[in-house]
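Shown next: data_28.cif, given as mmCIF, C-alpha atoms.
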```cif
data_query
#
loop_
_atom_site.label_atom_id
_atom_site.label_comp_id
_atom_site.auth_asym_id
_atom_site.auth_seq_id
_atom_site.Cartn_x
_atom_site.Cartn_y
_atom_site.Cartn_z
CA MET A 1185 0.00 0.00 0.00
CA ALA A 1186 1.24 3.49 -0.83
CA CYS A 1187 -0.45 6.82 -0.22
CA GLN A 1188 0.09 10.01 -2.17
CA ALA A 1189 -1.06 13.48 -1.07
CA SER A 1190 -2.89 15.60 -3.59
CA ARG A 1191 -4.09 19.20 -3.41
CA SER A 1192 -7.68 18.06 -2.98
CA GLY A 1193 -6.90 15.55 -0.24
CA TRP A 1194 -5.36 12.11 0.08
CA THR A 1195 -5.29 9.70 -2.78
CA SER A 1196 -4.53 6.15 -1.76
CA HIS A 1197 -2.93 3.62 -4.11
CA SER A 1198 -2.96 -0.07 -3.24
CA ARG A 1199 -0.65 -2.54 -5.01
CA ASP A 1200 -1.30 -6.26 -4.98
CA LEU A 1201 -0.77 -9.31 -7.18
CA ASP A 1202 -4.42 -10.46 -7.15
CA LEU A 1203 -6.91 -7.62 -7.46
CA SER A 1204 -9.83 -10.06 -7.71
CA LEU A 1205 -9.71 -10.34 -3.92
CA VAL A 1206 -10.37 -6.62 -3.43
CA GLU A 1207 -13.99 -5.70 -2.79
CA VAL A 1208 -13.50 -2.15 -1.50
CA HIS A 1209 -14.56 0.73 -3.73
CA VAL A 1210 -14.28 4.22 -2.28
CA PRO A 1211 -13.39 7.65 -3.71
CA ASN A 1212 -9.67 8.48 -4.08
CA LEU A 1213 -8.68 4.81 -3.85
CA GLU A 1214 -6.83 3.30 -6.79
CA PHE A 1215 -5.78 -0.34 -7.10
CA ARG A 1216 -2.90 -1.53 -9.27
CA LYS A 1217 -1.20 -4.86 -9.83
CA GLU A 1218 2.50 -4.46 -9.00
CA ASP A 1219 5.53 -6.47 -7.82
CA ILE A 1220 7.61 -4.58 -5.25
CA VAL A 1221 10.61 -6.85 -5.85
CA ILE A 1222 10.91 -5.80 -9.50
CA GLY A 1223 11.20 -2.07 -8.83
CA PRO A 1224 9.78 1.00 -7.11
CA VAL A 1225 6.36 2.36 -7.97
CA GLU A 1226 6.58 5.91 -9.33
CA PRO A 1227 10.00 6.69 -7.80
CA GLY A 1228 10.10 9.70 -5.51
CA SER A 1229 6.35 10.26 -5.67
CA PHE A 1230 4.74 9.33 -2.36
CA ASP A 1231 4.40 11.05 1.00
CA LEU A 1232 3.58 7.75 2.72
CA VAL A 1233 4.37 4.16 1.83
CA THR A 1234 3.17 1.31 4.04
CA ALA A 1235 3.10 -2.47 3.87
CA ARG A 1236 1.47 -4.83 6.36
CA ALA A 1237 2.19 -8.56 6.66
CA VAL A 1238 3.77 -8.66 3.20
CA LEU A 1239 7.54 -8.77 3.58
CA HIS A 1240 7.73 -12.01 5.58
CA HIS A 1241 6.48 -13.80 2.45
CA VAL A 1242 8.89 -12.03 0.07
CA ALA A 1243 12.03 -13.94 -0.91
CA ASP A 1244 14.17 -10.81 -1.27
CA ALA A 1245 12.86 -8.57 1.52
CA ASP A 1246 15.87 -6.24 1.30
CA LYS A 1247 15.17 -5.47 -2.34
CA ALA A 1248 11.46 -5.01 -1.65
CA ILE A 1249 12.14 -2.57 1.19
CA ALA A 1250 14.61 -0.64 -0.96
CA ASN A 1251 11.97 -0.32 -3.68
CA LEU A 1252 9.37 0.87 -1.18
CA ILE A 1253 11.78 3.52 0.07
CA ALA A 1254 12.62 4.55 -3.49
CA SER A 1255 8.94 5.41 -4.00
CA LEU A 1256 9.09 8.06 -1.25
CA ARG A 1257 9.44 11.77 -1.78
CA PRO A 1258 12.18 13.51 0.24
CA GLY A 1259 10.91 13.58 3.81
CA GLY A 1260 8.22 11.00 3.06
CA ALA A 1261 7.23 8.48 5.71
CA ILE A 1262 7.41 4.70 5.61
CA LEU A 1263 5.50 2.33 7.91
CA LEU A 1264 6.18 -1.41 7.89
CA ILE A 1265 4.15 -3.87 9.96
CA GLU A 1266 5.37 -7.46 10.11
CA PRO A 1267 5.18 -10.45 12.46
CA ASP A 1268 7.77 -11.67 14.90
CA PHE A 1269 7.16 -15.06 16.47
CA LEU A 1270 9.37 -14.35 19.49
CA PRO A 1271 6.54 -15.14 22.00
CA VAL A 1272 6.31 -18.78 20.85
CA THR A 1273 9.84 -19.45 22.11
CA ILE A 1274 8.46 -19.46 25.68
CA ALA A 1275 5.03 -20.96 24.94
CA GLU A 1276 3.65 -23.51 27.41
CA PRO A 1277 3.35 -26.43 27.74
CA PRO A 1278 6.68 -27.65 26.31
CA GLU A 1279 4.87 -29.68 23.64
CA VAL A 1280 3.32 -26.47 22.28
CA ARG A 1281 6.76 -24.87 22.26
CA ALA A 1282 7.99 -27.89 20.30
CA PHE A 1283 5.11 -27.46 17.84
CA TRP A 1284 6.10 -23.86 17.17
CA SER A 1285 9.73 -24.85 16.74
CA GLY A 1286 8.65 -27.27 14.03
CA TRP A 1287 6.32 -24.67 12.52
CA LEU A 1288 9.17 -22.17 12.22
CA ALA A 1289 11.44 -24.79 10.64
CA TRP A 1290 8.66 -25.64 8.15
CA SER A 1291 8.11 -21.96 7.33
CA ARG A 1292 11.83 -21.30 6.77
CA ASP A 1293 11.93 -24.12 4.22
CA ARG A 1294 9.11 -22.35 2.37
CA GLY A 1295 10.79 -18.96 2.38
CA ILE A 1296 8.62 -17.45 5.10
CA ASP A 1297 10.48 -15.31 7.66
CA TYR A 1298 8.42 -15.15 10.85
CA HIS A 1299 11.21 -13.28 12.64
CA ILE A 1300 11.45 -10.40 10.18
CA GLY A 1301 9.74 -7.98 12.56
CA ARG A 1302 12.82 -7.54 14.71
CA THR A 1303 14.96 -6.78 11.64
CA LEU A 1304 12.86 -3.93 10.22
CA ALA A 1305 14.56 -1.09 12.10
CA PRO A 1306 18.15 -2.02 11.16
CA ARG A 1307 17.11 -2.67 7.55
CA LEU A 1308 15.55 0.79 7.30
CA ALA A 1309 18.56 2.41 9.00
CA ALA A 1310 20.94 0.72 6.55
CA LEU A 1311 18.98 2.29 3.68
CA GLY A 1312 19.22 5.82 5.06
CA ILE A 1313 15.82 6.15 6.71
CA GLU A 1314 15.85 8.65 9.58
CA LYS A 1315 13.94 9.20 12.83
CA ILE A 1316 13.17 5.49 13.10
CA GLY A 1317 10.81 4.33 15.82
CA GLY A 1318 8.41 1.52 16.43
CA THR A 1319 6.57 -0.80 18.73
CA ALA A 1320 5.56 -4.46 18.98
CA GLU A 1321 2.25 -5.77 20.24
CA THR A 1322 1.12 -9.33 20.85
CA ALA A 1323 -2.35 -10.66 21.52
CA ILE A 1324 -2.91 -12.67 24.70
CA TYR A 1325 -5.62 -15.22 24.04
CA ASN A 1326 -7.06 -18.49 25.29
CA GLY A 1327 -8.43 -21.65 23.77
CA THR A 1328 -11.83 -21.26 22.02
CA SER A 1329 -11.06 -17.57 21.28
CA LEU A 1330 -11.02 -16.09 17.78
CA TRP A 1331 -7.23 -16.28 17.68
CA ALA A 1332 -7.36 -19.94 18.76
CA ASP A 1333 -9.93 -20.61 16.04
CA TYR A 1334 -7.65 -18.93 13.49
CA TRP A 1335 -4.76 -21.22 14.39
CA THR A 1336 -7.03 -24.27 14.51
CA GLN A 1337 -8.30 -23.67 10.99
CA THR A 1338 -4.83 -22.77 9.68
CA VAL A 1339 -3.13 -25.84 11.12
CA LYS A 1340 -5.92 -28.16 9.96
CA GLU A 1341 -5.65 -26.78 6.44
CA LEU A 1342 -1.87 -27.21 6.39
CA ARG A 1343 -1.71 -30.46 8.35
CA GLN A 1344 -0.73 -32.70 5.44
CA ASP A 1345 2.02 -30.34 4.32
CA LEU A 1346 3.28 -29.91 7.88
CA THR A 1347 3.59 -33.63 8.54
CA SER A 1348 4.99 -34.51 5.11
CA SER A 1349 7.73 -31.91 5.61
CA GLY A 1350 9.16 -33.95 8.48
CA LYS A 1351 9.25 -30.84 10.70
CA LEU A 1352 6.11 -31.76 12.66
CA ASN A 1353 4.26 -34.92 13.59
CA ASN A 1354 0.61 -35.63 14.32
CA ALA A 1355 1.17 -35.81 18.07
CA LEU A 1356 2.49 -32.24 18.24
CA ILE A 1357 -0.26 -30.99 15.95
CA ASP A 1358 -2.93 -32.70 18.08
CA THR A 1359 -1.43 -31.13 21.21
CA LEU A 1360 -1.75 -27.64 19.76
CA LEU A 1361 -5.28 -28.30 18.52
CA GLY A 1362 -6.23 -29.63 21.95
CA CYS A 1363 -4.89 -26.49 23.63
CA CYS A 1364 -6.75 -24.31 21.15
CA ALA A 1365 -9.97 -26.05 22.22
CA ASP A 1366 -9.30 -25.56 25.96
CA PRO A 1367 -10.58 -22.23 27.38
CA ALA A 1368 -8.25 -22.64 30.38
CA TRP A 1369 -5.17 -22.45 28.14
CA TRP A 1370 -3.67 -19.00 27.61
CA THR A 1371 -0.87 -18.05 25.26
CA GLN A 1372 0.70 -15.53 22.87
CA THR A 1373 1.90 -16.15 19.32
CA ILE A 1374 2.74 -13.18 17.12
CA ALA A 1375 4.39 -9.92 18.14
CA PHE A 1376 3.18 -7.63 15.35
CA THR A 1377 6.05 -5.16 14.91
CA ALA A 1378 5.36 -1.71 13.46
CA VAL A 1379 8.40 0.37 12.49
CA HIS A 1380 8.30 3.82 10.94
CA GLY A 1381 10.75 6.42 9.71
CA TYR A 1382 11.34 9.20 7.19
CA ALA A 1383 13.30 9.55 3.99
CA PRO A 1384 16.00 12.23 4.27
CA GLY A 1385 15.75 15.50 2.45
CA ARG A 1386 12.91 17.50 3.97
CA GLU A 1387 12.33 18.92 7.45
#
```

Give the structure from this file in structure tokens form.
Amino acid sequence: MACQASRSGWTSHSRDLDLSLVEVHVPNLEFRKEDIVIGPVEPGSFDLVTARAVLHHVADADKAIANLIASLRPGGAILLIEPDFLPVTIAEPPEVRAFWSGWLAWSRDRGIDYHIGRTLAPRLAALGIEKIGGTAETAIYNGTSLWADYWTQTVKELRQDLTSSGKLNNALIDTLLGCCADPAWWTQTIAFTAVHGYAPGRE
């Protein structure tokens, strides 16, 4: 997502690879099909560029971030929001912690970086972004909650791929699913990390 200021107000431009999934139609909102790894969109044109839960799926995140920054005007702002699975490293019980260890190994093999959140600030700094700041927030939830239902449905859908990868077995998967069905079980999973900064060149 990138936003560009105009004299009459804000014009928002959203870039995605599958526009058929977009059902929002509002004034001053334009959708385009783009690939942020190939190159910047309208270099030096935008006051604000933001991406949420995109970069952890991108094979070359450094190139993608550089292209996002290249789309900024001098002094323009960038906001990146990505996951960091740090909380799962202390999840309880130990079998759930073991499940997440296998999940992370499975995701790495598929090019998914669930620890990218903690790397956003140094990546932006290395590319010249200034006044960098940010925060991380994680949901605390219990079994039978909406978050638990999300993980239940996700793991069930991916179960065959998870087990065939050799990174997880049915016993660990069943343990997680059992916890997700238990309202007395409380946990955290994702620390959503939001990092922002400004392109140099304008006060």

request  = Find the residue from A:Ala1323, A:Leu1239, A:Leu1304, A:Ala1365 that sits nearest to A:Val1272; use only C-alpha atoms when measuring.
outcome  = A:Ala1323

request  = Carefully work through the PyMOL selection byres ((chain A and resi 1301) around 9) for this structure and note down the residues it includes, as JSON, numbers by chain.
outcome  = {"A": [1240, 1264, 1265, 1266, 1267, 1268, 1269, 1297, 1298, 1299, 1300, 1302, 1303, 1304, 1305, 1320, 1375, 1376, 1377, 1378, 1379]}

key: From A:Trp1335, A:Phe1230, A:Trp1370, A:Tyr1382, residue lying nearest A:Ile1357 [only C-alpha atoms]   =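 Result for the nearest residue to A:Ile1357: A:Trp1335.
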
Please expand the PyMOL selection byres ((chain A and resi 1244-1254) around 8) into the concrete residues it hits in this file, giving the result as a short mmCIF file (atom, residue, chain, number, x, y, z; two decimals) with C-alpha atoms, in the coordinates of the input.
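Contents of out-v7.cif, freshly written:
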```cif
data_model
loop_
_atom_site.label_atom_id
_atom_site.label_comp_id
_atom_site.auth_asym_id
_atom_site.auth_seq_id
_atom_site.Cartn_x
_atom_site.Cartn_y
_atom_site.Cartn_z
CA ILE A 1220 7.61 -4.58 -5.25
CA VAL A 1221 10.61 -6.85 -5.85
CA ILE A 1222 10.91 -5.80 -9.50
CA GLY A 1223 11.20 -2.07 -8.83
CA PRO A 1224 9.78 1.00 -7.11
CA VAL A 1225 6.36 2.36 -7.97
CA PRO A 1227 10.00 6.69 -7.80
CA GLY A 1228 10.10 9.70 -5.51
CA VAL A 1233 4.37 4.16 1.83
CA LEU A 1239 7.54 -8.77 3.58
CA HIS A 1240 7.73 -12.01 5.58
CA VAL A 1242 8.89 -12.03 0.07
CA ALA A 1243 12.03 -13.94 -0.91
CA SER A 1255 8.94 5.41 -4.00
CA LEU A 1256 9.09 8.06 -1.25
CA ILE A 1262 7.41 4.70 5.61
CA ARG A 1307 17.11 -2.67 7.55
CA LEU A 1308 15.55 0.79 7.30
CA LEU A 1311 18.98 2.29 3.68
CA ALA A 1383 13.30 9.55 3.99
#
```

request  = Could you please determine the separation between atom CA of A:Gly1362 and atom CA of A:Pro1278 in Å, to one decimal place?
outcome  = 13.8 Å

Compile the contact shell of A:Thr1359 as a compact mmCIF listing (two decimals) with C-alpha atoms, in the frame of the given file: residues with an atom at most 12 Å away, counting all atoms listed in the file, same-chain residues fewer than 2 positions apart removed.
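As written to disk, out.txt reads:
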```txt
# COMPACT_ATOMS: atom_id res chain seq x y z
CA GLU A 1276 3.65 -23.51 27.41
CA PRO A 1277 3.35 -26.43 27.74
CA PRO A 1278 6.68 -27.65 26.31
CA GLU A 1279 4.87 -29.68 23.64
CA VAL A 1280 3.32 -26.47 22.28
CA ARG A 1281 6.76 -24.87 22.26
CA ALA A 1282 7.99 -27.89 20.30
CA PHE A 1283 5.11 -27.46 17.84
CA TRP A 1284 6.10 -23.86 17.17
CA THR A 1336 -7.03 -24.27 14.51
CA VAL A 1339 -3.13 -25.84 11.12
CA LEU A 1352 6.11 -31.76 12.66
CA ASN A 1353 4.26 -34.92 13.59
CA ASN A 1354 0.61 -35.63 14.32
CA ALA A 1355 1.17 -35.81 18.07
CA LEU A 1356 2.49 -32.24 18.24
CA ILE A 1357 -0.26 -30.99 15.95
CA LEU A 1361 -5.28 -28.30 18.52
CA GLY A 1362 -6.23 -29.63 21.95
CA CYS A 1363 -4.89 -26.49 23.63
CA CYS A 1364 -6.75 -24.31 21.15
CA ALA A 1365 -9.97 -26.05 22.22
CA ASP A 1366 -9.30 -25.56 25.96
CA TRP A 1369 -5.17 -22.45 28.14
```

message = One decimal, in Å: what's the spacing between atom CA of A:Glu1207 and atom CA of A:Ile1296?
response =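 Those two atoms sit 26.7 Å apart.
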
task = Considering all atoms listed in the file, state which residue in the set A:Pro1211, A:Gly1286, A:Gly1312, A:Gly1260 is at the smallest distance from A:Ser1349.
result =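 The answer is A:Gly1286, which sits nearest to A:Ser1349.
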
inquiry  = Would you compute the distance between atom CA of A:His1209 and atom CA of A:Arg1257? Give it in Å to one decimal.
reply    =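 Value for the atom CA of A:His1209-atom CA of A:Arg1257 distance: 26.5 Å.
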
query = Which is closest to A:Leu1360 among A:Asp1293, A:Asp1219, A:Asp1333, A:Asp1345, if we use all atoms listed in the file?
reply =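 For A:Leu1360, the nearest of the given residues is A:Asp1333.
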
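When the PyMOL selection byres ((chain A and resi 1235) around 7) is evaluated on the file shown here, the picked residues come out as Met1185, Thr1234, Arg1236, Ala1237, Val1238, Leu1263, Leu1264 and Ile1265 of chain A.
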
Minimum-distance residue to A:Lys1351, chosen among A:Arg1216, A:His1241, A:His1380, A:Arg1294 (using all atoms listed in the file) =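 So, comparing all the options, the nearest one is A:Arg1294.
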
request  = Can you work out which one of A:Gly1295, A:Pro1271, A:Gly1327, A:Gly1317 has the shortest atom-to-atom distance to A:Pro1367, counting all atoms listed in the file?
outcome  =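 The closest residue to A:Pro1367 is A:Gly1327.
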